[in-house]
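Report on one structure; see the data block that follows.
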Amino acid sequence: MSDIATPSTPDAGPTRTAAFEQRLKRRYAAERRFKRLGLAAIGFSVLVLVLLLGNMLITGAAGFQREELRVEIDLANSGIAINAQDQVAVNAVQRLEQQGLREVVAYSAELSLGAKGAAALSDQAWRDLADAIIDDPTLLEGSDEYWLPASASLARAVDGEGAPELQRLAGELQEEGKLATRFDFGFLSRSDATDPQMVGIWGALKGSMLTMLVTLLLAFPIGVLAAVYLEEYAAKTRWTDIIEVSINNLAAVPSIIFGLLGLAVFLWIFPTMRSAPLIGGMTLALMTMPVIVISGRNAIKAVPPSIRDGALAVGASPVQVVFHHVLPLALPGILTGTIIGMARALGETAPLLMIGMRAFVATPPDGLTSAATVLPVQIFLWSDEIDRGFIERTSAAIIVLLLFLLLMNGIAIYLRNKFEKSW
């Protein structure tokens with residue numbers, strides 16, 4: 001029997017040469033550098049966010065305050081009266097003005113503050129007292145001290161700006177306890193004004209709410225139904241390819257183009273609704289819809305085919321498969337796209353400027369067809385003012401906008417997590 005040569009057994013592991021060890025060290029070093037770069041990028045992003053929010057909070061905190069003067073007013077002997085009908089009337093403030101409330105405040109201010117102090121009171125200070133009387137008519141039965149807004153020039157003097165005589169007056173009033181910086185609760189309930197001491201955010205906030213409501217009611221159902229049709233029912237033809245490309249392109253179109261479309265179409269159809277939340281919502285819905293369609297199609301496509309096959313196997317119709325099985329499972333992904341689209345719409349300014357929502361609106365809108373503005377436009381208008389008081393009010397309005405955005409996104413995320421299912 002001849003001997004059979006057997007091959008030598010190779011080593012159990014690879015040979016770790018010096019070159020191999022060098023390459024391994026370089027690879028590990030590259031991984032460590034990449035990790036450090038990633039952590040540095042995250043740290044830089046967090047730092048920028050903290051600086052941005054910190055700057056807004058520091059500046060905006062002053063925007064929630066205003067300088068007020070303490071005035072003693074005897075309303076019991078003023079001859080002013082208000083009945084139940086006047087209290088709920090739309091022109092209740094004007095009726096109090098006709099009875100001489102403005103003059104009563106001016107006379108009382110001169111008695112409490114002197115002639116110079118009374119001149120430093122805001123011309124619209126009587127409106128704050130009028131609102132207080134409407135809320136509580138029993139104030140007309142007695143005499144009390146009221147904190148009323150100072151003029152913008154006196155407010156600047158408190159910050160060390162303006163005429164020296166006003167600065168001296170401000171110092172004297174502060175020493176006497178007749179001038180103080182107080183939290184302005186009315187900032188959240190008033191509307192726009194020419195005086196930074198009297199401006200409020202409620203008119204713009206209500207306009208944003210109404211505009212976002214119209215946007216959601218139009219963009220969400222139309223966008224979801226379009227996504228369902230394109231993904232589940234539309235035949236793959238040249239026309240559907242053109243529609244898909246068009247939707248993808250619309251998602252990247254600059255927002256001002258949608259403003260031009262709203263100006264040319266919606267205001268042509270409804271010429272009397274310029275600057276109305278209805279027109280603004282319809283314009284923003286056009287901008288938001290492509291984002292919802294794209295995210296909706298991706299979410300529907302991500303549902304496993306086994307869900308469809310199982311539903312069909314137990315006797316469900318094609319329509320039941322889509323609306324009872326596929327769409328509920330795709331809803332979290334659809335809501336994610338809706339959050340992105342609505343957040344973008346909430347911060348838009350350019351398309352709303354094109355349809356006239358930059359008007360000076362001194363009263364909150366009564367409905368979807370009333371003249372209104374929105375928070376981003378209000379911030380834009382205030383940032384263009386010269387008076388320093390508007391700078392602080394702008395920062396405060398930005399804080400309100402961020403809180404509104406967080407609230408809106410929080411509700412959407414809650415709904416997304418509630419409907420989210422795993423398979």
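All residue names refer to the structure tokens as shown: chains lettered A, B, ... in order, residues numbered from 1 in each chain, ligands numbered from 1 in order.
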
message = Write out as JSON, numbers by chain the set of residues from region 134-326 of chain A that DSSP, computed on the backbone, places in strand (DSSP E or B).
response = {"A": [143, 144, 145, 146, 147, 148, 149, 150, 179, 180, 181, 182, 183]}

Using N, CA and C atoms, can you export the residues from the last selection as a compact mmCIF listing (two decimals), in the first residue's frame?
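Saved as selection25.txt:
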# COMPACT_ATOMS: atom_id res chain seq x y z
N SER A 143 -63.31 103.49 45.77
CA SER A 143 -62.08 104.15 45.38
C SER A 143 -60.92 103.21 45.65
N ASP A 144 -59.97 103.15 44.72
CA ASP A 144 -58.87 102.20 44.89
C ASP A 144 -57.67 102.70 44.09
N GLU A 145 -56.52 102.03 44.30
CA GLU A 145 -55.31 102.33 43.55
C GLU A 145 -55.16 101.32 42.41
N TYR A 146 -54.81 101.83 41.25
CA TYR A 146 -54.69 100.99 40.07
C TYR A 146 -53.31 101.19 39.45
N TRP A 147 -52.74 100.10 38.98
CA TRP A 147 -51.47 100.17 38.26
C TRP A 147 -51.78 100.24 36.77
N LEU A 148 -51.47 101.37 36.16
CA LEU A 148 -51.77 101.62 34.75
C LEU A 148 -50.48 101.78 33.96
N PRO A 149 -50.49 101.46 32.68
CA PRO A 149 -49.24 101.48 31.89
C PRO A 149 -48.68 102.88 31.70
N ALA A 150 -47.37 102.98 31.83
CA ALA A 150 -46.69 104.24 31.56
C ALA A 150 -46.51 104.40 30.06
N LEU A 179 -43.86 104.07 40.51
CA LEU A 179 -43.47 103.49 39.22
C LEU A 179 -42.77 102.17 39.49
N ALA A 180 -43.21 101.12 38.83
CA ALA A 180 -42.62 99.80 39.04
C ALA A 180 -42.75 98.99 37.75
N THR A 181 -41.87 98.01 37.62
CA THR A 181 -41.93 97.06 36.51
C THR A 181 -42.71 95.84 36.97
N ARG A 182 -43.85 95.59 36.34
CA ARG A 182 -44.75 94.52 36.77
C ARG A 182 -45.04 93.58 35.62
N PHE A 183 -45.42 92.35 35.99
CA PHE A 183 -45.78 91.36 34.97
C PHE A 183 -47.04 91.82 34.25

message = I'd like to know which residues of region 82-203 of chain A are helix (DSSP H, G or I) (by DSSP, run on the backbone); could you write them as a ChimeraX atom specification?
response = /A:84-88,92-98,101-119,125-135,137-141,152-158,164-175,185-188,202-203

Based on the selection just made, write C-alpha atoms of those residues as a compact mmCIF listing (two decimals), in the first residue's frame.
# COMPACT_ATOMS: atom_id res chain seq x y z
CA ALA A 84 -75.75 94.23 32.35
CA GLN A 85 -76.47 95.01 28.69
CA ASP A 86 -73.53 97.40 28.40
CA GLN A 87 -71.28 94.87 30.08
CA VAL A 88 -71.73 92.29 27.32
CA ALA A 92 -68.69 98.41 26.01
CA VAL A 93 -65.29 100.12 26.14
CA GLN A 94 -66.49 102.92 23.87
CA ARG A 95 -69.55 103.47 26.08
CA LEU A 96 -67.34 103.91 29.13
CA GLU A 97 -65.24 106.38 27.16
CA GLN A 98 -68.37 108.36 26.25
CA LEU A 101 -63.63 107.47 31.82
CA ARG A 102 -60.65 108.83 29.89
CA GLU A 103 -60.99 112.22 31.57
CA VAL A 104 -61.47 110.64 35.01
CA VAL A 105 -58.20 108.70 34.62
CA ALA A 106 -56.33 111.80 33.41
CA TYR A 107 -57.64 113.92 36.32
CA SER A 108 -56.85 111.21 38.90
CA ALA A 109 -53.35 110.74 37.45
CA GLU A 110 -52.62 114.45 37.83
CA LEU A 111 -53.74 114.33 41.47
CA SER A 112 -51.67 111.21 42.24
CA LEU A 113 -48.56 111.83 40.12
CA GLY A 114 -48.47 115.53 39.43
CA ALA A 115 -48.60 117.19 36.05
CA LYS A 116 -45.35 115.68 34.78
CA GLY A 117 -46.22 112.21 36.04
CA ALA A 118 -49.68 112.38 34.50
CA ALA A 119 -48.13 113.36 31.16
CA ALA A 125 -54.12 103.58 29.97
CA TRP A 126 -57.82 104.17 30.54
CA ARG A 127 -58.57 101.10 28.39
CA ASP A 128 -57.01 98.81 31.00
CA LEU A 129 -59.29 100.31 33.62
CA ALA A 130 -62.27 99.96 31.25
CA ASP A 131 -61.55 96.25 30.81
CA ALA A 132 -61.29 95.84 34.57
CA ILE A 133 -64.65 97.58 35.07
CA ILE A 134 -66.31 95.39 32.45
CA ASP A 135 -64.99 92.27 34.20
CA PRO A 137 -68.60 96.36 37.68
CA THR A 138 -68.39 96.57 41.50
CA LEU A 139 -65.22 98.63 41.02
CA LEU A 140 -67.50 101.58 40.24
CA GLU A 141 -68.75 101.53 43.82
CA ALA A 152 -43.26 104.33 25.93
CA SER A 153 -40.95 107.33 26.50
CA LEU A 154 -41.04 106.81 30.29
CA ALA A 155 -40.41 103.09 29.80
CA ARG A 156 -37.30 103.92 27.78
CA ALA A 157 -36.21 106.34 30.51
CA VAL A 158 -36.37 103.51 33.05
CA PRO A 164 -32.48 113.35 30.94
CA GLU A 165 -35.55 115.01 32.49
CA LEU A 166 -37.60 111.87 31.86
CA GLN A 167 -34.87 109.76 33.45
CA ARG A 168 -34.94 112.00 36.51
CA LEU A 169 -38.73 111.79 36.62
CA ALA A 170 -38.57 108.01 36.40
CA GLY A 171 -36.10 107.89 39.27
CA GLU A 172 -38.27 110.12 41.44
CA LEU A 173 -41.41 108.08 40.76
CA GLN A 174 -39.56 104.85 41.55
CA GLU A 175 -38.32 106.24 44.84
CA PHE A 185 -50.91 89.70 32.16
CA GLY A 186 -52.67 91.66 29.44
CA PHE A 187 -49.93 90.78 26.95
CA LEU A 188 -51.64 87.42 26.49
CA TRP A 202 -53.87 87.23 21.61
CA GLY A 203 -55.06 88.56 18.24

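Summary of the local environment: counting only C-alpha atoms, residues at most 8 Å from Leu216 (chain A), other than itself and those fewer than 4 positions away along its chain, are A:Met212, A:Phe220, A:Ala285, A:Met342.
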
key: Non-local contacts of region 295-312 of chain A (7 Å; only C-alpha atoms; under 4 positions in same chain excluded) as a PyMOL selection string   = chain A and resi 224+227-228+231+291+316-317+321+326-327+329-330+333-334+337

task = Could you give me, as a ChimeraX atom specification, the residues within 12 Å of Asn249 (chain A), counting only C-alpha atoms and dropping anything in the same chain fewer than 4 positions from it?
result = /A:242-245,253-254,287,290-291,294

Could you make a table, as CSV, of the residues of region 197-304 of chain A that have an atom within 10 Å of an atom of region 404-422 of chain A, each with its nearest atom pair and distance in Å to one decimal, counting only C-alpha atoms, in chain and number order?
residue,atom,partner,partner_atom,distance
A:Leu205,CA,A:Phe404,CA,8.6
A:Ser208,CA,A:Phe404,CA,9.4
A:Met209,CA,A:Phe404,CA,9.2
A:Met212,CA,A:Met408,CA,9.8

message = Report, in Å to a single decimal, how far apart CA of Ser275 (chain A) and CA of Asp366 (chain A) are.
response = 13.0 Å

ask   = What gap, in Å, lies between CA of Leu230 (chain A) and CA of Val293 (chain A)?
value = 9.1 Å

message = I'd like to know which of A:Ile82, A:Ile339, A:Leu284, A:Leu381 is closest to Arg393 (chain A), using only C-alpha atoms.
response = A:Leu381

key: For CA of Thr349 (chain A) and CA of Ile399 (chain A), the interatomic separation in Å (one decimal)   =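 Interatomic distance, CA of Thr349 (chain A) to CA of Ile399 (chain A): 16.8 Å.
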
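Distances here use only C-alpha atoms; by that measure, the residue among A:Ala396, A:Ala350, A:Leu75, A:Ala345 closest to Ala61 (chain A) is A:Ala396.
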
query = Within 10 Å of Ile279 (chain A), counting only C-alpha atoms, which residues qualify if same-chain residues fewer than 5 places away don't, as a ChimeraX atom specification?
reply = /A:211,214-215,262-263,266-267,270,273-274,284-285,352,355-357,368-369

query = Which is closest to Gly347 (chain A) among A:Leu52, A:Leu402, A:Ala204, A:Leu335, if we use only C-alpha atoms?
reply =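 Closest to Gly347 (chain A), using only C-alpha atoms: A:Leu402.
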